[in-house]
Amino acid sequence: MPGMPEQVPFSATANPQKNRRGLNRVWHAAGYSLAGLRAGWRETAFRQEALASMVLVPAAFWLGNSWIETVLLAGTVMLVLIVELLNTGIEAAIDRIGPEWHDLSKRAKDMGSAAVLLSLLLCAGTWTLALVHRFGA
């Protein structure tokens, strides 16, 4: 098409994961996921939240009166970990671009941080309501 940039064909060497199929792809994807968890573990905030989750997720089974309550309690804890990993990924991508200050970089990092805050507030609110329901009036 006139005016459109020419598309470059995908190179098999650019990302070997794209050529994998079946269980081979699943196996390698699991390895990348574990590498992501290891990378997250190097972040202080993720470590703190992961250690808290090791207490809170089992506590969800004790505190929840039904499977729905248990899933909500454990799910909000897991959501914090998920959002923290995504925020760390955003920060890493922005830092790769360069160390200089840019308004868009700041905005991306601030929004990632806000997402973590909202997930923490959701988790704290859910747990507070469950504790009040269980032990309160």
# chains A, B, ... in the order shown; residues from 1 in each chain; ligands from 1
>>> residues_around(residues="Gly89 (chain A)", least_positions_apart="6", cutoff="12 Å", atoms="only C-alpha atoms", output="PDB file with all heavy atoms, in the first residue's frame")
ATOM      1  N   GLY A  36      10.691 -14.829  35.931  1.00  0.00           N
ATOM      2  CA  GLY A  36      10.008 -13.604  36.341  1.00  0.00           C
ATOM      3  C   GLY A  36       9.785 -13.559  37.841  1.00  0.00           C
ATOM      4  O   GLY A  36       9.949 -12.508  38.472  1.00  0.00           O
ATOM      5  N   LEU A  37       9.418 -14.692  38.432  1.00  0.00           N
ATOM      6  CA  LEU A  37       9.251 -14.740  39.891  1.00  0.00           C
ATOM      7  C   LEU A  37      10.588 -14.523  40.608  1.00  0.00           C
ATOM      8  O   LEU A  37      10.653 -13.829  41.623  1.00  0.00           O
ATOM      9  CB  LEU A  37       8.628 -16.066  40.313  1.00  0.00           C
ATOM     10  CG  LEU A  37       7.147 -16.231  39.962  1.00  0.00           C
ATOM     11  CD1 LEU A  37       6.696 -17.656  40.228  1.00  0.00           C
ATOM     12  CD2 LEU A  37       6.294 -15.236  40.727  1.00  0.00           C
ATOM     13  N   ALA A  39      13.102 -12.799  39.414  1.00  0.00           N
ATOM     14  CA  ALA A  39      13.409 -11.374  39.235  1.00  0.00           C
ATOM     15  C   ALA A  39      12.578 -10.536  40.208  1.00  0.00           C
ATOM     16  O   ALA A  39      13.084  -9.574  40.805  1.00  0.00           O
ATOM     17  CB  ALA A  39      13.140 -10.940  37.795  1.00  0.00           C
ATOM     18  N   GLY A  40      11.312 -10.898  40.391  1.00  0.00           N
ATOM     19  CA  GLY A  40      10.471 -10.189  41.351  1.00  0.00           C
ATOM     20  C   GLY A  40      10.987 -10.330  42.768  1.00  0.00           C
ATOM     21  O   GLY A  40      10.936  -9.377  43.549  1.00  0.00           O
ATOM     22  N   GLU A  43      13.191  -7.748  44.248  1.00  0.00           N
ATOM     23  CA  GLU A  43      12.590  -6.462  44.612  1.00  0.00           C
ATOM     24  C   GLU A  43      12.070  -6.534  46.049  1.00  0.00           C
ATOM     25  O   GLU A  43      11.324  -7.445  46.403  1.00  0.00           O
ATOM     26  CB  GLU A  43      11.439  -6.118  43.666  1.00  0.00           C
ATOM     27  CG  GLU A  43      11.852  -5.969  42.223  1.00  0.00           C
ATOM     28  CD  GLU A  43      12.724  -4.744  42.000  1.00  0.00           C
ATOM     29  OE1 GLU A  43      12.489  -3.710  42.650  1.00  0.00           O
ATOM     30  OE2 GLU A  43      13.644  -4.842  41.162  1.00  0.00           O
ATOM     31  N   PHE A  46       8.177  -6.703  46.535  1.00  0.00           N
ATOM     32  CA  PHE A  46       7.602  -8.000  46.187  1.00  0.00           C
ATOM     33  C   PHE A  46       7.938  -9.032  47.257  1.00  0.00           C
ATOM     34  O   PHE A  46       7.088  -9.846  47.626  1.00  0.00           O
ATOM     35  CB  PHE A  46       8.098  -8.477  44.819  1.00  0.00           C
ATOM     36  CG  PHE A  46       7.507  -9.800  44.416  1.00  0.00           C
ATOM     37  CD1 PHE A  46       6.217  -9.876  43.933  1.00  0.00           C
ATOM     38  CD2 PHE A  46       8.234 -10.973  44.536  1.00  0.00           C
ATOM     39  CE1 PHE A  46       5.644 -11.095  43.571  1.00  0.00           C
ATOM     40  CE2 PHE A  46       7.684 -12.194  44.183  1.00  0.00           C
ATOM     41  CZ  PHE A  46       6.392 -12.247  43.700  1.00  0.00           C
ATOM     42  N   ILE A  82       0.402  -9.990  41.894  1.00  0.00           N
ATOM     43  CA  ILE A  82       0.317  -9.845  40.435  1.00  0.00           C
ATOM     44  C   ILE A  82       0.564  -8.400  40.032  1.00  0.00           C
ATOM     45  O   ILE A  82       1.363  -8.110  39.128  1.00  0.00           O
ATOM     46  CB  ILE A  82      -1.055 -10.336  39.923  1.00  0.00           C
ATOM     47  CG1 ILE A  82      -1.182 -11.846  40.113  1.00  0.00           C
ATOM     48  CG2 ILE A  82      -1.277  -9.940  38.471  1.00  0.00           C
ATOM     49  CD1 ILE A  82      -2.602 -12.372  39.979  1.00  0.00           C
ATOM     50  N   VAL A  83      -0.108  -7.470  40.706  1.00  0.00           N
ATOM     51  CA  VAL A  83       0.030  -6.050  40.360  1.00  0.00           C
ATOM     52  C   VAL A  83       1.450  -5.568  40.651  1.00  0.00           C
ATOM     53  O   VAL A  83       2.022  -4.791  39.884  1.00  0.00           O
ATOM     54  CB  VAL A  83      -1.034  -5.206  41.090  1.00  0.00           C
ATOM     55  CG1 VAL A  83      -0.807  -3.727  40.869  1.00  0.00           C
ATOM     56  CG2 VAL A  83      -2.431  -5.592  40.631  1.00  0.00           C
ATOM     57  N   ASP A  95      13.093   2.020  32.799  1.00  0.00           N
ATOM     58  CA  ASP A  95      14.512   2.200  33.125  1.00  0.00           C
ATOM     59  C   ASP A  95      15.406   1.769  31.971  1.00  0.00           C
ATOM     60  O   ASP A  95      16.500   2.309  31.788  1.00  0.00           O
ATOM     61  CB  ASP A  95      14.873   1.433  34.402  1.00  0.00           C
ATOM     62  CG  ASP A  95      14.234   2.044  35.640  1.00  0.00           C
ATOM     63  OD1 ASP A  95      13.770   3.210  35.560  1.00  0.00           O
ATOM     64  OD2 ASP A  95      14.196   1.363  36.681  1.00  0.00           O
ATOM     65  N   ARG A  96      14.973   0.793  31.182  1.00  0.00           N
ATOM     66  CA  ARG A  96      15.768   0.343  30.034  1.00  0.00           C
ATOM     67  C   ARG A  96      15.879   1.437  28.980  1.00  0.00           C
ATOM     68  O   ARG A  96      16.895   1.569  28.307  1.00  0.00           O
ATOM     69  CB  ARG A  96      15.137  -0.898  29.401  1.00  0.00           C
ATOM     70  CG  ARG A  96      15.952  -1.431  28.236  1.00  0.00           C
ATOM     71  CD  ARG A  96      15.238  -2.571  27.538  1.00  0.00           C
ATOM     72  NE  ARG A  96      16.029  -3.116  26.471  1.00  0.00           N
ATOM     73  CZ  ARG A  96      16.091  -2.619  25.231  1.00  0.00           C
ATOM     74  NH1 ARG A  96      15.408  -1.531  24.932  1.00  0.00           N
ATOM     75  NH2 ARG A  96      16.832  -3.192  24.309  1.00  0.00           N
ATOM     76  N   ALA A 108       4.006   6.830  33.688  1.00  0.00           N
ATOM     77  CA  ALA A 108       3.878   5.370  33.654  1.00  0.00           C
ATOM     78  C   ALA A 108       4.244   4.762  35.005  1.00  0.00           C
ATOM     79  O   ALA A 108       3.533   3.879  35.516  1.00  0.00           O
ATOM     80  CB  ALA A 108       4.758   4.792  32.551  1.00  0.00           C
ATOM     81  N   LYS A 109       5.338   5.223  35.598  1.00  0.00           N
ATOM     82  CA  LYS A 109       5.753   4.696  36.899  1.00  0.00           C
ATOM     83  C   LYS A 109       4.749   5.060  37.985  1.00  0.00           C
ATOM     84  O   LYS A 109       4.439   4.244  38.859  1.00  0.00           O
ATOM     85  CB  LYS A 109       7.148   5.206  37.259  1.00  0.00           C
ATOM     86  CG  LYS A 109       8.245   4.535  36.464  1.00  0.00           C
ATOM     87  CD  LYS A 109       9.600   4.990  36.960  1.00  0.00           C
ATOM     88  CE  LYS A 109      10.712   4.167  36.353  1.00  0.00           C
ATOM     89  NZ  LYS A 109      11.988   4.363  37.034  1.00  0.00           N
ATOM     90  N   GLY A 112       1.696   2.818  37.668  1.00  0.00           N
ATOM     91  CA  GLY A 112       1.994   1.483  38.185  1.00  0.00           C
ATOM     92  C   GLY A 112       1.968   1.468  39.700  1.00  0.00           C
ATOM     93  O   GLY A 112       1.422   0.557  40.322  1.00  0.00           O
ATOM     94  N   SER A 113       2.542   2.506  40.307  1.00  0.00           N
ATOM     95  CA  SER A 113       2.534   2.621  41.756  1.00  0.00           C
ATOM     96  C   SER A 113       1.112   2.776  42.289  1.00  0.00           C
ATOM     97  O   SER A 113       0.747   2.197  43.318  1.00  0.00           O
ATOM     98  CB  SER A 113       3.401   3.817  42.178  1.00  0.00           C
ATOM     99  OG  SER A 113       3.419   3.946  43.573  1.00  0.00           O
TER     100      SER A 113
END
>>> residues_around(residues="region 119-132 of chain A", least_positions_apart="2", cutoff="7 Å", atoms="only C-alpha atoms", output="ChimeraX atom specification")
/A:73,76-77,79-80,115-117,134-136
>>> closest_residue(among="A:Ser53, A:Met111, A:Trp62, A:Thr88", to="Gly75 (chain A)", atoms="only C-alpha atoms")
A:Ser53
>>> atom_distance(atom1="CA of Leu51 (chain A)", atom2="CA of Glu84 (chain A)")
13.4 Å
>>> atom_distance(atom1="CA of Asp110 (chain A)", atom2="CA of Leu85 (chain A)")
14.7 Å
>>> residues_around(residues="Phe61 (chain A)", least_positions_apart="3", cutoff="7 Å", atoms="only C-alpha atoms", output="short mmCIF file (atom, residue, chain, number, x, y, z; two decimals) with all heavy atoms, in the first residue's frame")
data_model
loop_
_atom_site.label_atom_id
_atom_site.label_comp_id
_atom_site.auth_asym_id
_atom_site.auth_seq_id
_atom_site.Cartn_x
_atom_site.Cartn_y
_atom_site.Cartn_z
N PRO A 58 -2.84 -19.02 53.78
CA PRO A 58 -3.35 -20.07 54.67
C PRO A 58 -4.40 -19.54 55.66
O PRO A 58 -5.38 -20.23 55.96
CB PRO A 58 -2.10 -20.58 55.40
CG PRO A 58 -0.98 -20.23 54.50
CD PRO A 58 -1.37 -18.95 53.83
N GLY A 64 -12.20 -17.65 56.24
CA GLY A 64 -13.36 -17.70 55.34
C GLY A 64 -14.42 -18.66 55.83
O GLY A 64 -14.12 -19.79 56.19
N THR A 70 -13.26 -17.47 51.19
CA THR A 70 -11.87 -17.93 51.13
C THR A 70 -11.21 -17.48 49.84
O THR A 70 -10.08 -16.98 49.84
CB THR A 70 -11.81 -19.46 51.26
OG1 THR A 70 -12.43 -19.84 52.50
CG2 THR A 70 -10.40 -19.97 51.24
#
